[in-house]
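start27.pdb follows; it contains PDB, C-alpha atoms.
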MODEL        1
ATOM      1  CA  MET A  75     142.626  21.793 255.242  1.00  0.00           C
ATOM      2  CA  ASP A  76     144.639  20.258 252.433  1.00  0.00           C
ATOM      3  CA  ALA A  77     144.263  16.542 251.867  1.00  0.00           C
ATOM      4  CA  ILE A  78     147.105  14.441 253.230  1.00  0.00           C
ATOM      5  CA  THR A  79     147.824  10.971 251.943  1.00  0.00           C
ATOM      6  CA  ILE A  80     148.654   8.550 254.736  1.00  0.00           C
ATOM      7  CA  THR A  81     151.088   5.764 253.918  1.00  0.00           C
ATOM      8  CA  SER A  82     153.264   3.460 255.990  1.00  0.00           C
ATOM      9  CA  GLU A  83     156.146   5.870 255.312  1.00  0.00           C
ATOM     10  CA  ASN A  84     153.949   8.818 256.353  1.00  0.00           C
ATOM     11  CA  PRO A  85     151.952   7.732 259.421  1.00  0.00           C
ATOM     12  CA  PRO A  86     149.447  10.220 260.840  1.00  0.00           C
ATOM     13  CA  ARG A  87     150.890  12.673 263.327  1.00  0.00           C
ATOM     14  CA  THR A  88     149.002  13.298 266.558  1.00  0.00           C
ATOM     15  CA  ALA A  89     148.915  15.909 269.298  1.00  0.00           C
ATOM     16  CA  LEU A  90     147.344  15.649 272.735  1.00  0.00           C
ATOM     17  CA  LEU A  91     145.984  18.850 274.269  1.00  0.00           C
ATOM     18  CA  VAL A  92     145.812  18.535 278.066  1.00  0.00           C
ATOM     19  CA  LEU A  93     143.249  20.896 279.587  1.00  0.00           C
ATOM     20  CA  GLY A  94     142.631  21.344 283.274  1.00  0.00           C
ATOM     21  CA  CYS A  95     140.220  23.599 285.084  1.00  0.00           C
ATOM     22  CA  PRO A  96     138.983  26.295 282.687  1.00  0.00           C
ATOM     23  CA  GLN A  97     139.219  28.997 285.349  1.00  0.00           C
ATOM     24  CA  VAL A  98     141.198  31.335 283.066  1.00  0.00           C
ATOM     25  CA  PRO A  99     138.972  32.497 280.176  1.00  0.00           C
ATOM     26  CA  VAL A 100     141.584  32.218 277.405  1.00  0.00           C
ATOM     27  CA  GLN A 101     141.953  28.437 277.727  1.00  0.00           C
ATOM     28  CA  THR A 102     138.960  27.508 275.556  1.00  0.00           C
ATOM     29  CA  SER A 103     139.682  29.946 272.739  1.00  0.00           C
ATOM     30  CA  ILE A 104     143.390  29.097 272.633  1.00  0.00           C
ATOM     31  CA  ALA A 105     142.581  25.368 272.627  1.00  0.00           C
ATOM     32  CA  LEU A 106     140.262  25.829 269.630  1.00  0.00           C
ATOM     33  CA  TYR A 107     142.851  28.004 267.895  1.00  0.00           C
ATOM     34  CA  LEU A 108     145.622  25.452 268.458  1.00  0.00           C
ATOM     35  CA  ILE A 109     143.361  22.648 267.227  1.00  0.00           C
ATOM     36  CA  HIS A 110     142.784  24.647 264.036  1.00  0.00           C
ATOM     37  CA  ARG A 111     146.520  25.285 263.479  1.00  0.00           C
ATOM     38  CA  LEU A 112     147.450  21.656 264.135  1.00  0.00           C
ATOM     39  CA  GLU A 113     144.799  20.383 261.717  1.00  0.00           C
ATOM     40  CA  ARG A 114     146.063  22.756 259.025  1.00  0.00           C
ATOM     41  CA  ALA A 115     149.518  21.220 259.496  1.00  0.00           C
ATOM     42  CA  GLY A 116     148.174  17.683 259.099  1.00  0.00           C
ATOM     43  CA  ILE A 117     148.408  16.848 262.798  1.00  0.00           C
ATOM     44  CA  ALA A 118     145.386  15.173 264.394  1.00  0.00           C
ATOM     45  CA  PRO A 119     144.546  16.931 267.684  1.00  0.00           C
ATOM     46  CA  ILE A 120     143.040  14.957 270.545  1.00  0.00           C
ATOM     47  CA  VAL A 121     141.702  16.811 273.579  1.00  0.00           C
ATOM     48  CA  ALA A 122     142.022  15.370 277.072  1.00  0.00           C
ATOM     49  CA  GLY A 123     140.396  17.547 279.673  1.00  0.00           C
ATOM     50  CA  ASN A 124     138.434  17.539 282.853  1.00  0.00           C
ATOM     51  CA  LYS A 125     134.648  17.568 282.558  1.00  0.00           C
ATOM     52  CA  ALA A 126     134.309  21.369 282.686  1.00  0.00           C
ATOM     53  CA  ALA A 127     137.006  21.990 280.063  1.00  0.00           C
ATOM     54  CA  ASN A 128     135.575  19.369 277.700  1.00  0.00           C
ATOM     55  CA  THR A 129     132.034  20.692 278.156  1.00  0.00           C
ATOM     56  CA  LEU A 130     133.121  24.237 277.286  1.00  0.00           C
ATOM     57  CA  LEU A 131     134.799  23.046 274.092  1.00  0.00           C
ATOM     58  CA  LEU A 132     131.881  20.852 273.067  1.00  0.00           C
ATOM     59  CA  THR A 133     129.501  23.748 273.693  1.00  0.00           C
ATOM     60  CA  ALA A 134     131.680  26.156 271.689  1.00  0.00           C
ATOM     61  CA  ASP A 135     131.932  23.738 268.733  1.00  0.00           C
ATOM     62  CA  PRO A 136     128.691  21.685 268.810  1.00  0.00           C
ATOM     63  CA  GLU A 137     128.952  20.567 265.179  1.00  0.00           C
ATOM     64  CA  ARG A 138     132.576  19.551 265.658  1.00  0.00           C
ATOM     65  CA  HIS A 139     134.031  21.758 262.948  1.00  0.00           C
ATOM     66  CA  TYR A 140     137.333  21.763 264.836  1.00  0.00           C
ATOM     67  CA  LEU A 141     136.945  19.241 267.625  1.00  0.00           C
ATOM     68  CA  GLY A 142     137.675  15.665 266.852  1.00  0.00           C
ATOM     69  CA  GLU A 143     138.362  13.181 269.599  1.00  0.00           C
ATOM     70  CA  VAL A 144     137.690  14.377 273.137  1.00  0.00           C
ATOM     71  CA  MET A 145     138.405  12.245 276.193  1.00  0.00           C
ATOM     72  CA  ASP A 146     138.587  12.449 279.959  1.00  0.00           C
ATOM     73  CA  LEU A 147     141.995  13.588 281.209  1.00  0.00           C
ATOM     74  CA  ASP A 148     142.377  10.795 283.758  1.00  0.00           C
ATOM     75  CA  ARG A 149     141.558   8.227 281.054  1.00  0.00           C
ATOM     76  CA  ALA A 150     144.246   9.696 278.788  1.00  0.00           C
ATOM     77  CA  VAL A 151     146.856   9.563 281.557  1.00  0.00           C
ATOM     78  CA  ALA A 152     145.953   5.926 282.281  1.00  0.00           C
ATOM     79  CA  MET A 153     146.133   4.947 278.601  1.00  0.00           C
ATOM     80  CA  ILE A 154     149.557   6.557 278.182  1.00  0.00           C
ATOM     81  CA  SER A 155     150.972   5.116 281.401  1.00  0.00           C
ATOM     82  CA  ASP A 156     149.659   1.649 280.442  1.00  0.00           C
ATOM     83  CA  LYS A 157     151.361   2.007 277.021  1.00  0.00           C
ATOM     84  CA  GLN A 158     148.003   1.604 275.246  1.00  0.00           C
ATOM     85  CA  ARG A 159     148.369   4.900 273.425  1.00  0.00           C
ATOM     86  CA  ASP A 160     150.816   7.743 272.892  1.00  0.00           C
ATOM     87  CA  PHE A 161     151.164  10.882 270.821  1.00  0.00           C
ATOM     88  CA  ASP A 162     153.787  12.766 268.812  1.00  0.00           C
ATOM     89  CA  ARG A 163     153.220  16.078 270.587  1.00  0.00           C
ATOM     90  CA  CYS A 164     151.647  16.997 273.906  1.00  0.00           C
ATOM     91  CA  PHE A 165     150.464  20.500 274.798  1.00  0.00           C
ATOM     92  CA  VAL A 166     149.734  21.012 278.477  1.00  0.00           C
ATOM     93  CA  PHE A 167     147.752  24.143 279.319  1.00  0.00           C
ATOM     94  CA  ILE A 168     149.168  25.597 282.556  1.00  0.00           C
ATOM     95  CA  HIS A 169     147.642  28.351 284.660  1.00  0.00           C
ATOM     96  CA  ASN A 170     148.143  26.844 288.129  1.00  0.00           C
ATOM     97  CA  ASP A 171     150.280  24.356 290.067  1.00  0.00           C
ATOM     98  CA  ALA A 172     148.152  21.413 288.918  1.00  0.00           C
ATOM     99  CA  GLY A 173     149.005  22.235 285.314  1.00  0.00           C
ATOM    100  CA  VAL A 174     152.707  22.081 286.114  1.00  0.00           C
ATOM    101  CA  SER A 175     152.149  18.660 287.731  1.00  0.00           C
ATOM    102  CA  TYR A 176     150.284  17.387 284.670  1.00  0.00           C
ATOM    103  CA  ALA A 177     153.089  18.591 282.409  1.00  0.00           C
ATOM    104  CA  ALA A 178     155.701  16.832 284.560  1.00  0.00           C
ATOM    105  CA  THR A 179     153.593  13.671 284.490  1.00  0.00           C
ATOM    106  CA  MET A 180     153.228  13.788 280.712  1.00  0.00           C
ATOM    107  CA  GLY A 181     156.956  14.327 280.370  1.00  0.00           C
ATOM    108  CA  ALA A 182     157.591  11.230 282.466  1.00  0.00           C
ATOM    109  CA  ILE A 183     155.076   8.830 280.880  1.00  0.00           C
ATOM    110  CA  SER A 184     154.879   9.904 277.233  1.00  0.00           C
ATOM    111  CA  ARG A 185     157.335   9.889 274.358  1.00  0.00           C
ATOM    112  CA  ALA A 186     155.626  13.000 272.943  1.00  0.00           C
ATOM    113  CA  LYS A 187     157.481  16.247 272.380  1.00  0.00           C
ATOM    114  CA  LEU A 188     156.218  18.250 275.342  1.00  0.00           C
ATOM    115  CA  TYR A 189     154.998  21.838 275.154  1.00  0.00           C
ATOM    116  CA  ALA A 190     154.050  23.787 278.277  1.00  0.00           C
ATOM    117  CA  LEU A 191     151.548  26.546 277.436  1.00  0.00           C
ATOM    118  CA  VAL A 192     151.829  28.841 280.444  1.00  0.00           C
ATOM    119  CA  TYR A 193     149.379  31.701 280.843  1.00  0.00           C
ATOM    120  CA  GLY A 194     147.343  33.598 283.403  1.00  0.00           C
ATOM    121  CA  GLU A 195     147.949  36.409 285.828  1.00  0.00           C
ATOM    122  CA  HIS A 196     150.977  34.730 287.470  1.00  0.00           C
ATOM    123  CA  TYR A 197     152.458  32.941 284.463  1.00  0.00           C
ATOM    124  CA  ASP A 198     156.000  34.083 285.326  1.00  0.00           C
ATOM    125  CA  GLU A 199     155.858  32.366 288.743  1.00  0.00           C
ATOM    126  CA  LEU A 200     154.574  29.163 287.148  1.00  0.00           C
ATOM    127  CA  MET A 201     157.395  29.148 284.598  1.00  0.00           C
ATOM    128  CA  LYS A 202     159.903  29.037 287.484  1.00  0.00           C
ATOM    129  CA  GLN A 203     158.337  25.746 288.647  1.00  0.00           C
ATOM    130  CA  ILE A 204     159.050  23.986 285.354  1.00  0.00           C
ATOM    131  CA  ASP A 205     162.236  22.009 285.998  1.00  0.00           C
ATOM    132  CA  PHE A 206     161.767  19.238 283.443  1.00  0.00           C
ATOM    133  CA  PRO A 207     162.520  19.109 279.717  1.00  0.00           C
ATOM    134  CA  CYS A 208     159.900  20.808 277.559  1.00  0.00           C
ATOM    135  CA  THR A 209     159.348  23.717 275.226  1.00  0.00           C
ATOM    136  CA  THR A 210     157.718  26.544 277.143  1.00  0.00           C
ATOM    137  CA  ILE A 211     155.349  28.923 275.381  1.00  0.00           C
ATOM    138  CA  ALA A 212     154.202  31.630 277.768  1.00  0.00           C
ATOM    139  CA  ALA A 213     152.346  34.914 277.960  1.00  0.00           C
ATOM    140  CA  LYS A 214     150.393  36.963 280.458  1.00  0.00           C
ATOM    141  CA  ALA A 215     146.993  36.110 279.031  1.00  0.00           C
ATOM    142  CA  VAL A 216     143.864  36.018 281.165  1.00  0.00           C
ATOM    143  CA  HIS A 217     140.927  37.509 279.254  1.00  0.00           C
ATOM    144  CA  ASN A 218     142.686  38.463 276.030  1.00  0.00           C
ATOM    145  CA  PRO A 219     144.021  35.442 274.131  1.00  0.00           C
ATOM    146  CA  MET A 220     146.129  37.479 271.710  1.00  0.00           C
ATOM    147  CA  PRO A 221     149.414  37.516 273.716  1.00  0.00           C
ATOM    148  CA  LEU A 222     149.361  33.718 273.997  1.00  0.00           C
ATOM    149  CA  ARG A 223     148.276  33.313 270.384  1.00  0.00           C
ATOM    150  CA  LYS A 224     151.237  35.475 269.320  1.00  0.00           C
ATOM    151  CA  ALA A 225     153.631  33.372 271.424  1.00  0.00           C
ATOM    152  CA  ILE A 226     152.250  30.184 269.882  1.00  0.00           C
ATOM    153  CA  GLU A 227     152.624  31.601 266.365  1.00  0.00           C
ATOM    154  CA  GLU A 228     156.240  32.577 267.082  1.00  0.00           C
ATOM    155  CA  ALA A 229     157.015  29.079 268.376  1.00  0.00           C
ATOM    156  CA  ALA A 230     155.148  27.377 265.485  1.00  0.00           C
ATOM    157  CA  PRO A 231     155.010  23.992 267.272  1.00  0.00           C
ATOM    158  CA  TRP A 232     153.212  22.374 264.315  1.00  0.00           C
ATOM    159  CA  ALA A 233     156.349  22.862 262.198  1.00  0.00           C
ATOM    160  CA  ALA A 234     158.752  21.197 264.626  1.00  0.00           C
TER     161      ALA A 234
ENDMDL
END

For the structure just supplied, provide its representation as structure tokens.
Amino acid sequence: MDAITITSENPPRTALLVLGCPQVPVQTSIALYLIHRLERAGIAPIVAGNKAANTLLLTADPERHYLGEVMDLDRAVAMISDKQRDFDRCFVFIHNDAGVSYAATMGAISRAKLYALVYGEHYDELMKQIDFPCTTIAAKAVHNPMPLRKAIEEAAPWAA
């Protein structure tokens, strides 16, 4: 990653990655990939997940080559709703109804630019449930992360 000089005119940019149940295999690899792309763009990624999602990431990157800050999802929601912390971007990983609810919640409590990453076997049905402002990045990705990776590359959310 190229060095970035932080000044008062150039505050650090941040992105929250919201991870729920890691039932769909592509979630962990896409999270690590997105973390990598955000870091390359000078955006500090922070992961907020449930215990299983966080454990999978910490196991996949034990020396923290990509992972930086990792926190409990409920703690992140509380901090944002209490105005203790916020982010520039928020990526909510969605493969079930709960993911849609988390995205709606983040859209309501955070000032972050919201991205809904929709994937899984029934991603098209989940996209129909999104009735709040956000940028949707979607693909039918269950075991193979490449369709979702391609959709993320096309959207280039780190450049927005």

Next on the checklist: (149.7, 17.1, 272.5) in this file's frame - what residues fall within 9 Å of it? Use only C-alpha atoms and give the answer as a PyMOL selection string.
Outcome noted: chain A and resi 88-92+119-121+161-166+186-189

Next on the checklist: Restricting the calculation to all atoms listed in the file: of A:Ala105, A:Ala152, A:Ala115, A:Ile226, which residue gets closest to Pro86 in chain A?
Outcome noted: A:Ala115

Item to check | Pick from A:Gln203, A:Ser155, A:Thr102, A:Gln97, whichever lies nearest to Met180 in chain A using only C-alpha atoms | outcome: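 Of the candidates, the smallest distance to Met180 in chain A is held by A:Ser155.
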
Checklist entry - So which one's closest to Ala150 in chain A, A:Ala118, A:Val192, A:Leu93, A:Leu108? Using all atoms listed in the file, please. => result A:Leu93

Within 12 Å of range 130-148 of chain A, which residues of range 167-193 of chain A come that close, and what is the closest atom pair and distance in Å for each? Count only C-alpha atoms and give it as a tab-separated table.
residue	atom	partner	partner_atom	distance
A:Gly173	CA	A:Leu147	CA	11.9
A:Tyr176	CA	A:Leu147	CA	9.8
A:Thr179	CA	A:Asp148	CA	11.6
A:Met180	CA	A:Leu147	CA	11.2

Those same residues - C-alpha atoms - I'd like them written as a tab-separated table (two decimals), in the frame of the given file.
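Contents of the output file again-v7.tsv:
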chain	number	residue	atom	x	y	z
A	173	GLY	CA	149.00	22.24	285.31
A	176	TYR	CA	150.28	17.39	284.67
A	179	THR	CA	153.59	13.67	284.49
A	180	MET	CA	153.23	13.79	280.71

Next on the checklist: I want to know what sits within 8 Å of Ile154 in chain A, based on all atoms listed in the file, with residues of the same chain fewer than 6 positions away left out; could you give that as a list in words?
Outcome noted: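 After dropping sequence-adjacent residues, the list is Asp160, Ile183 and Ser184 of chain A.
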
Checklist outcome for this item: CA of Val98 in chain A sits from CA of Val151 in chain A at a separation of 22.5 Å

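If you measure from each of A:Ala122, A:Ala229, A:Ala182, A:Leu112 to Phe167 in chain A using only C-alpha atoms, the closest one turns out to be A:Ala122.
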
Checklist entry - To one decimal place, how far is CA of His217 in chain A from CA of His110 in chain A in Å? => result 20.0 Å

Item to check | Selection result of the PyMOL selection byres ((chain A and resi 198) around 12) on this file, as a PyMOL selection string | outcome: chain A and resi 168-170+191-197+199-204+210-215

Next on the checklist: Rounded to one decimal, what separation in Å do you get between CA of Cys208 in chain A and CA of Ala190 in chain A?
Outcome noted: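 Spanning CA of Cys208 in chain A to CA of Ala190 in chain A is a straight-line distance of 6.6 Å.
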